[in-house]
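Trainee: Structure file upload08.cif, mmCIF, C-alpha atoms and all ligand atoms, is pasted below:
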data_entry
loop_
_atom_site.group_PDB
_atom_site.id
_atom_site.type_symbol
_atom_site.label_atom_id
_atom_site.label_comp_id
_atom_site.auth_asym_id
_atom_site.auth_seq_id
_atom_site.Cartn_x
_atom_site.Cartn_y
_atom_site.Cartn_z
ATOM 1 C CA MET H 16 -16.921 -6.700 -9.042
ATOM 2 C CA PRO H 17 -13.255 -7.694 -9.102
ATOM 3 C CA ASN H 18 -10.896 -8.538 -11.594
ATOM 4 C CA LEU H 19 -12.387 -11.297 -13.584
ATOM 5 C CA LYS H 20 -9.483 -12.471 -15.606
ATOM 6 C CA ASN H 21 -10.809 -15.728 -16.796
ATOM 7 C CA PRO H 22 -10.152 -17.698 -13.611
ATOM 8 C CA SER H 23 -9.954 -21.000 -15.441
ATOM 9 C CA SER H 24 -7.096 -19.937 -17.669
ATOM 10 C CA PRO H 25 -3.539 -20.822 -16.660
ATOM 11 C CA ALA H 26 -1.117 -18.259 -15.310
ATOM 12 C CA ASP H 27 -1.551 -15.002 -17.164
ATOM 13 C CA GLY H 28 1.279 -13.156 -15.531
ATOM 14 C CA TYR H 29 -0.657 -12.109 -12.447
ATOM 15 C CA ARG H 30 1.729 -10.871 -9.755
ATOM 16 C CA GLY H 31 0.304 -9.721 -6.470
ATOM 17 C CA ARG H 32 1.913 -8.790 -3.192
ATOM 18 C CA PHE H 33 1.435 -8.234 0.501
ATOM 19 C CA ALA H 34 3.496 -5.342 1.798
ATOM 20 C CA PRO H 35 3.303 -5.049 5.574
ATOM 21 C CA SER H 36 5.214 -2.481 7.570
ATOM 22 C CA PRO H 37 7.013 -4.267 10.412
ATOM 23 C CA THR H 38 5.643 -1.955 13.067
ATOM 24 C CA GLY H 39 4.230 -4.872 15.022
ATOM 25 C CA PRO H 40 2.761 -8.326 14.518
ATOM 26 C CA LEU H 41 -0.173 -8.936 12.185
ATOM 27 C CA HIS H 42 -3.534 -7.837 13.558
ATOM 28 C CA ALA H 43 -7.065 -8.506 12.362
ATOM 29 C CA GLY H 44 -6.985 -5.708 9.796
ATOM 30 C CA SER H 45 -3.659 -6.672 8.260
ATOM 31 C CA LEU H 46 -4.661 -10.340 8.135
ATOM 32 C CA VAL H 47 -7.688 -9.337 6.061
ATOM 33 C CA ALA H 48 -5.351 -7.625 3.577
ATOM 34 C CA ALA H 49 -2.994 -10.609 3.588
ATOM 35 C CA LEU H 50 -5.785 -13.122 3.051
ATOM 36 C CA GLY H 51 -7.584 -11.039 0.418
ATOM 37 C CA SER H 52 -4.442 -10.510 -1.648
ATOM 38 C CA TRP H 53 -3.390 -14.165 -1.247
ATOM 39 C CA LEU H 54 -6.813 -15.461 -2.345
ATOM 40 C CA ASP H 55 -6.926 -13.128 -5.340
ATOM 41 C CA ALA H 56 -3.462 -14.265 -6.429
ATOM 42 C CA ARG H 57 -4.285 -17.951 -5.969
ATOM 43 C CA LYS H 58 -7.632 -17.625 -7.714
ATOM 44 C CA ASN H 59 -5.894 -16.027 -10.685
ATOM 45 C CA HIS H 60 -3.161 -18.677 -10.717
ATOM 46 C CA GLY H 61 -0.714 -15.914 -10.015
ATOM 47 C CA LYS H 62 2.264 -15.258 -7.806
ATOM 48 C CA TRP H 63 2.011 -13.717 -4.351
ATOM 49 C CA LEU H 64 5.052 -11.809 -3.126
ATOM 50 C CA LEU H 65 5.948 -10.660 0.341
ATOM 51 C CA ARG H 66 7.615 -7.279 0.706
ATOM 52 C CA ILE H 67 8.581 -5.891 4.083
ATOM 53 C CA GLU H 68 8.181 -2.105 4.050
ATOM 54 C CA ASP H 69 10.788 -1.141 6.598
ATOM 55 C CA LEU H 70 12.050 2.234 5.378
ATOM 56 C CA ASP H 71 10.763 4.255 8.289
ATOM 57 C CA ALA H 72 13.243 2.806 10.751
ATOM 58 C CA PRO H 73 12.025 4.684 13.839
ATOM 59 C CA ARG H 74 8.581 3.108 13.415
ATOM 60 C CA CYS H 75 9.845 -0.428 12.794
ATOM 61 C CA ILE H 76 10.056 -2.930 15.627
ATOM 62 C CA PRO H 77 13.036 -5.280 15.522
ATOM 63 C CA GLY H 78 11.867 -8.833 14.886
ATOM 64 C CA ALA H 79 8.386 -7.824 13.737
ATOM 65 C CA ASP H 80 9.222 -8.925 10.182
ATOM 66 C CA GLN H 81 10.094 -12.422 11.395
ATOM 67 C CA GLU H 82 6.966 -12.526 13.523
ATOM 68 C CA ILE H 83 4.793 -11.493 10.554
ATOM 69 C CA MET H 84 6.370 -14.225 8.442
ATOM 70 C CA ARG H 85 5.731 -16.803 11.176
ATOM 71 C CA GLN H 86 2.121 -15.702 11.427
ATOM 72 C CA LEU H 87 1.578 -15.851 7.671
ATOM 73 C CA LEU H 88 3.050 -19.328 7.468
ATOM 74 C CA ALA H 89 1.009 -20.461 10.471
ATOM 75 C CA CYS H 90 -2.062 -19.338 8.513
ATOM 76 C CA GLY H 91 -0.923 -21.234 5.416
ATOM 77 C CA LEU H 92 -0.367 -18.001 3.499
ATOM 78 C CA ASN H 93 2.838 -18.973 1.763
ATOM 79 C CA TRP H 94 4.627 -16.645 -0.626
ATOM 80 C CA ASP H 95 6.310 -17.249 -3.953
ATOM 81 C CA GLU H 96 9.831 -15.940 -4.561
ATOM 82 C CA GLU H 97 12.178 -14.619 -1.890
ATOM 83 C CA PRO H 98 10.705 -11.987 0.426
ATOM 84 C CA THR H 99 12.223 -8.530 -0.001
ATOM 85 C CA TRP H 100 13.029 -5.737 2.431
ATOM 86 C CA GLN H 101 12.767 -2.155 1.241
ATOM 87 C CA SER H 102 15.690 -1.119 3.411
ATOM 88 C CA LYS H 103 17.943 -3.176 1.119
ATOM 89 C CA HIS H 104 16.880 -1.264 -1.980
ATOM 90 C CA GLN H 105 17.964 2.287 -1.265
ATOM 91 C CA ASP H 106 19.690 2.443 -4.658
ATOM 92 C CA ARG H 107 16.408 1.937 -6.484
ATOM 93 C CA TYR H 108 14.809 4.886 -4.760
ATOM 94 C CA LYS H 109 17.876 7.051 -5.265
ATOM 95 C CA GLN H 110 17.831 6.332 -8.973
ATOM 96 C CA ALA H 111 14.138 7.151 -9.194
ATOM 97 C CA LEU H 112 14.736 10.479 -7.455
ATOM 98 C CA GLU H 113 17.576 11.240 -9.844
ATOM 99 C CA ARG H 114 15.342 10.480 -12.795
ATOM 100 C CA LEU H 115 12.660 12.767 -11.475
ATOM 101 C CA ASN H 116 15.303 15.447 -11.023
ATOM 102 C CA GLY H 117 16.291 14.961 -14.659
ATOM 103 C CA LEU H 118 12.659 15.527 -15.575
ATOM 104 C CA GLN H 119 12.667 18.730 -13.494
ATOM 105 C CA THR H 120 9.740 17.590 -11.417
ATOM 106 C CA ILE H 121 11.146 17.730 -7.888
ATOM 107 C CA TYR H 122 12.291 20.525 -5.613
ATOM 108 C CA PRO H 123 13.589 20.878 -2.065
ATOM 109 C CA CYS H 124 11.347 22.082 0.720
ATOM 110 C CA THR H 125 12.495 23.420 4.065
ATOM 111 C CA CYS H 126 9.046 24.090 5.509
ATOM 112 C CA SER H 127 8.210 22.840 8.971
ATOM 113 C CA ARG H 128 4.739 21.535 9.780
ATOM 114 C CA GLN H 129 4.159 24.740 11.687
ATOM 115 C CA SER H 130 5.183 27.023 8.826
ATOM 116 C CA ILE H 131 2.878 25.093 6.474
ATOM 117 C CA ALA H 132 0.063 25.395 9.010
ATOM 118 C CA ASN H 133 0.703 29.147 9.244
ATOM 119 C CA VAL H 134 0.542 29.648 5.485
ATOM 120 C CA LEU H 135 -2.672 27.644 5.283
ATOM 121 C CA GLU H 136 -4.196 29.561 8.152
ATOM 122 C CA ALA H 137 -3.330 32.881 6.543
ATOM 123 C CA ARG H 138 -5.123 31.655 3.424
ATOM 124 C CA GLY H 139 -8.139 30.603 5.423
ATOM 125 C CA VAL H 140 -7.661 26.913 4.629
ATOM 126 C CA VAL H 141 -8.924 24.599 7.356
ATOM 127 C CA THR H 142 -7.494 21.089 7.494
ATOM 128 C CA PRO H 143 -9.989 18.560 8.864
ATOM 129 C CA ARG H 144 -8.799 16.491 11.794
ATOM 130 C CA ASN H 145 -6.604 13.492 10.962
ATOM 131 C CA GLN H 146 -6.133 14.705 7.419
ATOM 132 C CA GLU H 147 -2.805 15.671 5.927
ATOM 133 C CA MET H 148 -2.270 19.356 5.282
ATOM 134 C CA VAL H 149 -2.388 20.266 1.600
ATOM 135 C CA TYR H 150 1.058 21.656 0.827
ATOM 136 C CA PRO H 151 0.596 25.242 -0.393
ATOM 137 C CA GLY H 152 3.671 25.184 -2.629
ATOM 138 C CA SER H 153 5.651 27.732 -0.626
ATOM 139 C CA CYS H 154 9.093 26.433 -1.696
ATOM 140 C CA ARG H 155 8.218 25.624 -5.281
ATOM 141 C CA PRO H 156 10.480 27.425 -7.747
ATOM 142 C CA GLN H 157 9.114 28.620 -11.064
ATOM 143 C CA PRO H 158 10.271 27.065 -13.327
ATOM 144 C CA ILE H 159 11.691 23.967 -11.658
ATOM 145 C CA PRO H 160 15.432 23.720 -12.356
ATOM 146 C CA GLN H 161 17.515 20.575 -12.556
ATOM 147 C CA TYR H 162 19.570 20.233 -9.376
ATOM 148 C CA GLU H 163 23.001 18.700 -8.941
ATOM 149 C CA ASP H 164 22.344 15.026 -8.134
ATOM 150 C CA GLY H 165 24.591 15.313 -5.088
ATOM 151 C CA ASN H 166 22.236 17.903 -3.612
ATOM 152 C CA LEU H 167 19.350 15.442 -3.647
ATOM 153 C CA PHE H 168 20.845 13.554 -0.746
ATOM 154 C CA SER H 169 22.247 16.399 1.317
ATOM 155 C CA ASN H 170 19.464 16.308 3.924
ATOM 156 C CA GLU H 171 19.002 20.044 3.908
ATOM 157 C CA GLY H 172 15.353 19.705 3.122
ATOM 158 C CA ALA H 173 12.654 17.347 1.978
ATOM 159 C CA TRP H 174 12.144 16.711 -1.734
ATOM 160 C CA ARG H 175 8.685 17.180 -3.140
ATOM 161 C CA LEU H 176 7.126 16.152 -6.430
ATOM 162 C CA ALA H 177 5.878 19.140 -8.419
ATOM 163 C CA LEU H 178 2.371 18.379 -9.644
ATOM 164 C CA PRO H 179 1.089 19.784 -12.913
ATOM 165 C CA SER H 180 -1.758 22.224 -12.397
ATOM 166 C CA LYS H 181 -5.345 20.972 -12.649
ATOM 167 C CA LEU H 182 -4.450 17.365 -12.005
ATOM 168 C CA THR H 183 -7.585 15.345 -11.408
ATOM 169 C CA LEU H 184 -6.787 11.689 -11.516
ATOM 170 C CA GLN H 185 -9.371 9.023 -12.206
ATOM 171 C CA PHE H 186 -9.111 5.297 -11.882
ATOM 172 C CA GLU H 187 -11.298 2.270 -11.549
ATOM 173 C CA ASP H 188 -11.039 0.248 -8.375
ATOM 174 C CA GLN H 189 -12.140 -3.364 -8.732
ATOM 175 C CA VAL H 190 -14.303 -3.163 -5.635
ATOM 176 C CA GLN H 191 -14.780 0.508 -4.800
ATOM 177 C CA GLY H 192 -15.641 1.503 -8.371
ATOM 178 C CA LYS H 193 -14.759 4.763 -10.098
ATOM 179 C CA GLN H 194 -12.468 7.010 -8.107
ATOM 180 C CA SER H 195 -11.481 10.573 -8.730
ATOM 181 C CA GLN H 196 -9.112 12.817 -6.830
ATOM 182 C CA ASN H 197 -8.047 16.372 -7.504
ATOM 183 C CA LEU H 198 -4.440 16.094 -6.435
ATOM 184 C CA ASN H 199 -3.823 19.836 -6.367
ATOM 185 C CA GLN H 200 -6.708 20.552 -4.051
ATOM 186 C CA GLU H 201 -6.618 17.405 -1.946
ATOM 187 C CA VAL H 202 -2.897 16.636 -1.642
ATOM 188 C CA GLY H 203 -0.540 19.221 -3.104
ATOM 189 C CA ASP H 204 3.097 18.607 -4.043
ATOM 190 C CA PHE H 205 3.917 15.590 -1.894
ATOM 191 C CA VAL H 206 7.151 14.471 -0.264
ATOM 192 C CA LEU H 207 9.287 11.739 -1.864
ATOM 193 C CA ARG H 208 12.290 11.975 0.404
ATOM 194 C CA ARG H 209 12.082 13.325 3.898
ATOM 195 C CA ARG H 210 14.556 15.741 5.358
ATOM 196 C CA ASP H 211 15.891 12.936 7.570
ATOM 197 C CA GLY H 212 16.791 11.034 4.410
ATOM 198 C CA VAL H 213 13.968 8.496 4.526
ATOM 199 C CA PHE H 214 12.321 7.787 1.180
ATOM 200 C CA THR H 215 8.578 8.000 1.627
ATOM 201 C CA TYR H 216 6.025 5.250 1.238
ATOM 202 C CA GLN H 217 4.647 6.896 -1.927
ATOM 203 C CA LEU H 218 7.965 6.756 -3.756
ATOM 204 C CA ALA H 219 9.104 3.371 -2.487
ATOM 205 C CA VAL H 220 5.823 1.583 -3.119
ATOM 206 C CA VAL H 221 5.660 2.840 -6.710
ATOM 207 C CA VAL H 222 9.282 1.980 -7.452
ATOM 208 C CA ASP H 223 9.017 -1.485 -5.907
ATOM 209 C CA ASP H 224 5.678 -2.397 -7.443
ATOM 210 C CA ALA H 225 7.249 -1.587 -10.816
ATOM 211 C CA ALA H 226 10.571 -3.329 -10.062
ATOM 212 C CA GLN H 227 8.712 -6.463 -8.943
ATOM 213 C CA GLU H 228 6.345 -6.244 -11.919
ATOM 214 C CA ILE H 229 3.268 -6.279 -9.740
ATOM 215 C CA THR H 230 0.126 -6.447 -11.871
ATOM 216 C CA ASP H 231 -2.553 -6.507 -9.175
ATOM 217 C CA ILE H 232 -2.605 -4.627 -5.912
ATOM 218 C CA VAL H 233 -5.067 -5.890 -3.319
ATOM 219 C CA ARG H 234 -4.944 -3.992 -0.039
ATOM 220 C CA GLY H 235 -7.126 -2.331 2.577
ATOM 221 C CA ALA H 236 -9.386 0.588 1.740
ATOM 222 C CA ASP H 237 -7.485 2.655 4.291
ATOM 223 C CA LEU H 238 -4.883 3.061 1.527
ATOM 224 C CA LEU H 239 -7.371 4.093 -1.181
ATOM 225 C CA ASN H 240 -6.595 7.749 -0.668
ATOM 226 C CA ASN H 241 -2.931 7.174 -1.663
ATOM 227 C CA THR H 242 -3.682 5.509 -4.963
ATOM 228 C CA ALA H 243 -4.150 8.576 -7.156
ATOM 229 C CA ARG H 244 -0.757 9.871 -5.995
ATOM 230 C CA GLN H 245 0.837 6.549 -6.823
ATOM 231 C CA ILE H 246 -0.751 6.342 -10.269
ATOM 232 C CA HIS H 247 0.432 9.854 -11.040
ATOM 233 C CA LEU H 248 3.971 8.970 -9.988
ATOM 234 C CA GLN H 249 3.830 5.810 -12.115
ATOM 235 C CA LYS H 250 2.904 7.946 -15.106
ATOM 236 C CA VAL H 251 5.716 10.411 -14.513
ATOM 237 C CA LEU H 252 8.237 7.584 -14.190
ATOM 238 C CA GLY H 253 6.834 5.825 -17.253
ATOM 239 C CA TYR H 254 5.690 2.716 -15.386
ATOM 240 C CA THR H 255 2.646 0.633 -16.253
ATOM 241 C CA SER H 256 -0.064 1.020 -13.629
ATOM 242 C CA PRO H 257 -1.246 -2.159 -11.921
ATOM 243 C CA SER H 258 -4.914 -2.776 -11.302
ATOM 244 C CA TYR H 259 -6.225 -1.904 -7.845
ATOM 245 C CA LEU H 260 -8.607 -3.657 -5.524
ATOM 246 C CA HIS H 261 -9.192 -2.028 -2.161
ATOM 247 C CA LEU H 262 -10.797 -4.376 0.308
ATOM 248 C CA PRO H 263 -13.743 -2.931 2.185
ATOM 249 C CA LEU H 264 -12.932 -1.606 5.605
ATOM 250 C CA VAL H 265 -13.736 -3.899 8.433
ATOM 251 C CA LEU H 266 -17.131 -2.814 9.807
ATOM 252 C CA ASP H 267 -19.005 -3.860 12.891
ATOM 253 C CA GLU H 268 -22.666 -4.911 12.970
ATOM 254 C CA HIS H 269 -23.779 -1.263 13.047
ATOM 255 C CA GLY H 270 -21.834 -0.515 9.893
ATOM 256 C CA GLU H 271 -19.249 1.440 11.844
ATOM 257 C CA LYS H 272 -15.525 1.162 11.408
ATOM 258 C CA LEU H 273 -14.172 -1.293 13.956
ATOM 259 C CA SER H 274 -12.474 0.378 16.846
ATOM 260 C CA LYS H 275 -8.720 0.715 16.687
ATOM 261 C CA GLN H 276 -8.512 -1.565 19.663
ATOM 262 C CA THR H 277 -10.275 -4.469 17.984
ATOM 263 C CA LEU H 278 -8.327 -4.018 14.784
ATOM 264 C CA ALA H 279 -4.988 -3.377 16.310
ATOM 265 C CA SER H 280 -4.720 -6.291 18.702
ATOM 266 C CA ALA H 281 -2.353 -9.002 17.529
ATOM 267 C CA ILE H 282 -3.874 -12.189 16.173
ATOM 268 C CA HIS H 283 -3.163 -15.556 17.762
ATOM 269 C CA THR H 284 -1.576 -18.192 15.588
ATOM 270 C CA ASP H 285 0.243 -20.430 18.037
ATOM 271 C CA THR H 286 -1.877 -23.454 17.246
ATOM 272 C CA ALA H 287 -3.493 -24.494 13.978
ATOM 273 C CA GLN H 288 -6.903 -24.128 15.659
ATOM 274 C CA GLN H 289 -6.150 -20.526 16.578
ATOM 275 C CA ALA H 290 -4.827 -19.716 13.112
ATOM 276 C CA LEU H 291 -7.940 -21.179 11.509
ATOM 277 C CA GLN H 292 -10.100 -19.165 13.854
ATOM 278 C CA GLU H 293 -8.330 -15.948 12.803
ATOM 279 C CA LEU H 294 -8.642 -16.898 9.134
ATOM 280 C CA ARG H 295 -12.370 -17.487 9.589
ATOM 281 C CA LYS H 296 -12.817 -14.039 11.072
ATOM 282 C CA ALA H 297 -10.829 -12.468 8.239
ATOM 283 C CA ALA H 298 -12.884 -14.383 5.667
ATOM 284 C CA GLU H 299 -16.087 -13.154 7.259
ATOM 285 C CA HIS H 300 -14.879 -9.583 6.814
ATOM 286 C CA LEU H 301 -14.226 -10.372 3.174
ATOM 287 C CA GLY H 302 -17.825 -11.503 2.812
ATOM 288 C CA LEU H 303 -16.934 -15.134 2.180
ATOM 289 C CA SER H 304 -19.611 -17.490 3.400
ATOM 290 C CA ASP H 305 -20.254 -21.231 3.431
ATOM 291 C CA LEU H 306 -16.692 -22.126 4.296
ATOM 292 C CA PRO H 307 -16.059 -25.395 6.122
ATOM 293 C CA ASP H 308 -16.188 -24.865 9.861
ATOM 294 C CA GLY H 309 -15.787 -28.406 11.158
ATOM 295 C CA LYS H 310 -13.175 -29.137 13.799
ATOM 296 C CA GLU H 311 -11.509 -31.603 11.466
ATOM 297 C CA THR H 312 -10.894 -29.087 8.679
ATOM 298 C CA SER H 313 -7.222 -28.480 7.976
ATOM 299 C CA ILE H 314 -5.925 -25.028 7.096
ATOM 300 C CA ALA H 315 -5.004 -26.237 3.624
ATOM 301 C CA GLU H 316 -8.523 -27.561 2.998
ATOM 302 C CA TRP H 317 -10.063 -24.417 4.353
ATOM 303 C CA LEU H 318 -7.852 -22.184 2.160
ATOM 304 C CA LEU H 319 -8.792 -24.205 -0.892
ATOM 305 C CA ALA H 320 -12.474 -23.708 -0.111
ATOM 306 C CA ALA H 321 -11.853 -20.008 0.531
ATOM 307 C CA THR H 322 -10.091 -19.663 -2.812
ATOM 308 C CA GLN H 323 -13.100 -21.211 -4.505
ATOM 309 C CA ALA H 324 -15.453 -18.968 -2.555
ATOM 310 C CA TRP H 325 -13.412 -15.930 -3.568
ATOM 311 C CA GLY H 326 -13.957 -16.919 -7.157
ATOM 312 C CA ARG H 327 -17.685 -17.302 -6.615
ATOM 313 C CA LYS H 328 -17.825 -13.874 -5.085
ATOM 314 C CA ILE H 329 -15.936 -12.471 -8.046
ATOM 315 C CA THR H 330 -18.132 -14.106 -10.666
ATOM 316 C CA SER H 331 -21.466 -13.599 -8.951
ATOM 317 C CA SER H 332 -21.440 -9.836 -8.712
HETATM 318 N N1 LIG H 401 3.142 -0.934 4.031
HETATM 319 C C1 LIG H 401 1.813 -0.413 3.917
HETATM 320 C C2 LIG H 401 1.053 -0.660 5.180
HETATM 321 O O1 LIG H 401 1.367 -1.594 5.880
HETATM 322 C C3 LIG H 401 0.994 -1.054 2.816
HETATM 323 C C4 LIG H 401 1.506 -0.793 1.481
HETATM 324 C C5 LIG H 401 0.612 -1.187 0.353
HETATM 325 O O2 LIG H 401 -0.047 -2.242 0.413
HETATM 326 O O3 LIG H 401 0.606 -0.451 -0.627
HETATM 327 O O4 LIG H 401 0.122 0.073 5.462
HETATM 328 ZN ZN ZN H 402 8.396 24.166 1.661
#
Please express the file's structure as structure tokens.

Mentor:
Amino acid sequence: MPNLKNPSSPADGYRGRFAPSPTGPLHAGSLVAALGSWLDARKNHGKWLLRIEDLDAPRCIPGADQEIMRQLLACGLNWDEEPTWQSKHQDRYKQALERLNGLQTIYPCTCSRQSIANVLEARGVVTPRNQEMVYPGSCRPQPIPQYEDGNLFSNEGAWRLALPSKLTLQFEDQVQGKQSQNLNQEVGDFVLRRRDGVFTYQLAVVVDDAAQEITDIVRGADLLNNTARQIHLQKVLGYTSPSYLHLPLVLDEHGEKLSKQTLASAIHTDTAQQALQELRKAAEHLGLSDLPDGKETSIAEWLLAATQAWGRKITSS
């Protein structure tokens, strides 16, 4: 399993991150991602960065970032370096879009969801429930020209990344194993900047992971499906790809995905006892066993034991 970079060696440049969207306080699922990425960074003597992904303003809740930071600190999950907010880095994303324009790999799209749905329907393509529609390429010019940079930010349409044909991307996930995704068939040319001017998660996460020199991404398996897109974008932009570890989804005793309700309810971290209790639940989801459970255990002691257990898990499988 994961990422066995000789755990006994000193810092080898490992840089990990936790990148919550401030759409609410931490819940059980996001604490699992926070704890897993923190433990992996600590085990590898690396740095753990906190990045607030607040580009989609309508979905962000004022104060949620501060609440998330309070919760992390209450759980002893301290970060290295100053936290960053994506909303303060618009220039980075603009520059990336301009570069992609220079490479003639982006084009504007004025399709509505409905017009995309209509095209797909006419082609007999059925999109399974809660899956994104595969963009049929309706607005894609042939060949792709280079646009005036000023037009990139005019908000007359969304900007999509033009994928090469026959793009099947493969990568190794440290936990989930070999992954393969045919981006043409499963995703299509995807949006980098929305018509309302918001840079998308796919663009921002790739640009920031590169800007912050992230070497190891540890996050929930709910994001696994985005990874091929991100690796492709890294290649186009000439960035080094980090290694990926997608934490298993939280399952109940029947092996079913936990209900939204269980996962989505905020965790309680008002007292150290409560925080420890939440950490214990998160650790259980991560498959860590034999951690101290005495009343006297401090969070710091418990985290140390968890870091050691994380290493055992890594080396034993
Ligand atoms: N901001 C994303 C989320 O909260 C996670 C980004 C990532 O870890 O790549 O779902
Ligand atoms: Zn279009």

Trainee: For ligand ZN 402 (chain H), list the contacting residues at 12 Å or closer, counting all atoms listed in the file, as an mmCIF file with C-alpha atoms, in the frame of the given file.

Mentor:
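To be explicit, this is the file written out as part21.cif:
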data_model
loop_
_atom_site.group_PDB
_atom_site.id
_atom_site.type_symbol
_atom_site.label_atom_id
_atom_site.label_comp_id
_atom_site.auth_asym_id
_atom_site.auth_seq_id
_atom_site.Cartn_x
_atom_site.Cartn_y
_atom_site.Cartn_z
ATOM 1 C CA ILE H 121 11.146 17.730 -7.888
ATOM 2 C CA TYR H 122 12.291 20.525 -5.613
ATOM 3 C CA PRO H 123 13.589 20.878 -2.065
ATOM 4 C CA CYS H 124 11.347 22.082 0.720
ATOM 5 C CA THR H 125 12.495 23.420 4.065
ATOM 6 C CA CYS H 126 9.046 24.090 5.509
ATOM 7 C CA SER H 127 8.210 22.840 8.971
ATOM 8 C CA ARG H 128 4.739 21.535 9.780
ATOM 9 C CA GLN H 129 4.159 24.740 11.687
ATOM 10 C CA SER H 130 5.183 27.023 8.826
ATOM 11 C CA ILE H 131 2.878 25.093 6.474
ATOM 12 C CA ALA H 132 0.063 25.395 9.010
ATOM 13 C CA ASN H 133 0.703 29.147 9.244
ATOM 14 C CA VAL H 134 0.542 29.648 5.485
ATOM 15 C CA VAL H 149 -2.388 20.266 1.600
ATOM 16 C CA TYR H 150 1.058 21.656 0.827
ATOM 17 C CA PRO H 151 0.596 25.242 -0.393
ATOM 18 C CA GLY H 152 3.671 25.184 -2.629
ATOM 19 C CA SER H 153 5.651 27.732 -0.626
ATOM 20 C CA CYS H 154 9.093 26.433 -1.696
ATOM 21 C CA ARG H 155 8.218 25.624 -5.281
ATOM 22 C CA PRO H 156 10.480 27.425 -7.747
ATOM 23 C CA GLU H 171 19.002 20.044 3.908
ATOM 24 C CA GLY H 172 15.353 19.705 3.122
ATOM 25 C CA ALA H 173 12.654 17.347 1.978
ATOM 26 C CA TRP H 174 12.144 16.711 -1.734
ATOM 27 C CA ARG H 175 8.685 17.180 -3.140
ATOM 28 C CA LEU H 176 7.126 16.152 -6.430
ATOM 29 C CA ALA H 177 5.878 19.140 -8.419
ATOM 30 C CA GLY H 203 -0.540 19.221 -3.104
ATOM 31 C CA ASP H 204 3.097 18.607 -4.043
ATOM 32 C CA PHE H 205 3.917 15.590 -1.894
ATOM 33 C CA VAL H 206 7.151 14.471 -0.264
ATOM 34 C CA ARG H 209 12.082 13.325 3.898
ATOM 35 C CA ARG H 210 14.556 15.741 5.358
#

Trainee: Which residue, H:Gln81, H:Thr183, H:Thr99, H:Thr38, has the smallest gap to Arg66 of chain H when you use only C-alpha atoms?

Mentor: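 Ranked by minimum distance to Arg66 of chain H, first place goes to H:Thr99.
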
Trainee: Would you list the contacts of Gly39 of chain H as a list in words, taking every protein, DNA or RNA residue within 9 Å and counting all atoms listed in the file, but skipping same-chain residues closer than 4 positions in sequence?

Mentor: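 Result of the neighbour search: Cys75, Ile76, Pro77, Gly78, Ala79, Asp80, Glu82, Ile83 and Ala281 of chain H.
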
Trainee: Mind listing the residues within 7 Å of ligand LIG 401 (chain H), only C-alpha atoms and all ligand atoms counted, as number ranges by chain?

Mentor: H: 33-36, 68, 220, 234, 238

Trainee: I need the residues from that last selection saved to file as a PDB file, keeping the file's coordinate frame (with C-alpha atoms), if you can.

Mentor:
ATOM      1  CA  PHE H  33       1.435  -8.234   0.501  1.00  0.00           C
ATOM      2  CA  ALA H  34       3.496  -5.342   1.798  1.00  0.00           C
ATOM      3  CA  PRO H  35       3.303  -5.049   5.574  1.00  0.00           C
ATOM      4  CA  SER H  36       5.214  -2.481   7.570  1.00  0.00           C
ATOM      5  CA  GLU H  68       8.181  -2.105   4.050  1.00  0.00           C
ATOM      6  CA  VAL H 220       5.823   1.583  -3.119  1.00  0.00           C
ATOM      7  CA  ARG H 234      -4.944  -3.992  -0.039  1.00  0.00           C
ATOM      8  CA  LEU H 238      -4.883   3.061   1.527  1.00  0.00           C
TER       9      LEU H 238
END

Trainee: Residue by residue, what does the PyMOL selection byres (((chain H and resi 284) around 10) and not hetatm) grab here? Present the result as a PyMOL selection string.

Mentor: chain H and resi 41+85-90+281-283+285-294

Trainee: Between atom CA of Met84 of chain H and atom CA of Gly302 of chain H, what is the spacing in Å?

Mentor: 25.0 Å

Trainee: Hey, what's within 6 Å of Gln119 of chain H if we count all atoms listed in the file and toss same-chain stuff fewer than 3 positions away? As a PyMOL selection string, please?

Mentor: chain H and resi 116+159-161

Trainee: Give me, please, the distance in Å between atom CA of Phe214 of chain H and atom CA of Leu239 of chain H, quoted to one decimal.

Mentor: 20.2 Å

Trainee: Up to 12 Å from (-5.4, 9.1, -4.3) in the file's coordinates: name the residues, counting only C-alpha atoms, as a ChimeraX atom specification.

Mentor: /H:182-188,193-203,205,217,236-248,259,261

Trainee: For this structure, which residues satisfy the selection - the PyMOL selection byres (((chain H and resi 42) around 8) and not hetatm) - when it is evaluated on the file as given? I want them as a PyMOL selection string.

Mentor: chain H and resi 40-41+43-46+278-282

Trainee: Work out how far atom CA of Val213 of chain H is from atom CA of Asp71 of chain H, in Å to one decimal.

Mentor: 6.5 Å

Trainee: Looking at only C-alpha atoms, which of H:Ala320, H:Val233, H:Leu167, H:Ala49 is the one that sits closest to Pro307 of chain H?

Mentor: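 Residue with the minimum atom-to-atom distance to Pro307 of chain H: H:Ala320.
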
Trainee: Kindly indicate which residue among H:Asp308, H:Ala297, H:Asp223, H:Trp317 lies nearest to Asp106 of chain H, using all atoms listed in the file for the distances.

Mentor: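 Closest to Asp106 of chain H of all the choices is H:Asp223.
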
Trainee: Can you list, as an mmCIF file with C-alpha atoms, in the frame of the given file, the residues that the PyMOL selection byres (((chain H and resi 322) around 8) and not hetatm) selects here?

Mentor:
data_model
loop_
_atom_site.group_PDB
_atom_site.id
_atom_site.type_symbol
_atom_site.label_atom_id
_atom_site.label_comp_id
_atom_site.auth_asym_id
_atom_site.auth_seq_id
_atom_site.Cartn_x
_atom_site.Cartn_y
_atom_site.Cartn_z
ATOM 1 C CA LEU H 54 -6.813 -15.461 -2.345
ATOM 2 C CA ASP H 55 -6.926 -13.128 -5.340
ATOM 3 C CA ARG H 57 -4.285 -17.951 -5.969
ATOM 4 C CA LYS H 58 -7.632 -17.625 -7.714
ATOM 5 C CA LEU H 318 -7.852 -22.184 2.160
ATOM 6 C CA LEU H 319 -8.792 -24.205 -0.892
ATOM 7 C CA ALA H 320 -12.474 -23.708 -0.111
ATOM 8 C CA ALA H 321 -11.853 -20.008 0.531
ATOM 9 C CA GLN H 323 -13.100 -21.211 -4.505
ATOM 10 C CA ALA H 324 -15.453 -18.968 -2.555
ATOM 11 C CA TRP H 325 -13.412 -15.930 -3.568
ATOM 12 C CA GLY H 326 -13.957 -16.919 -7.157
#
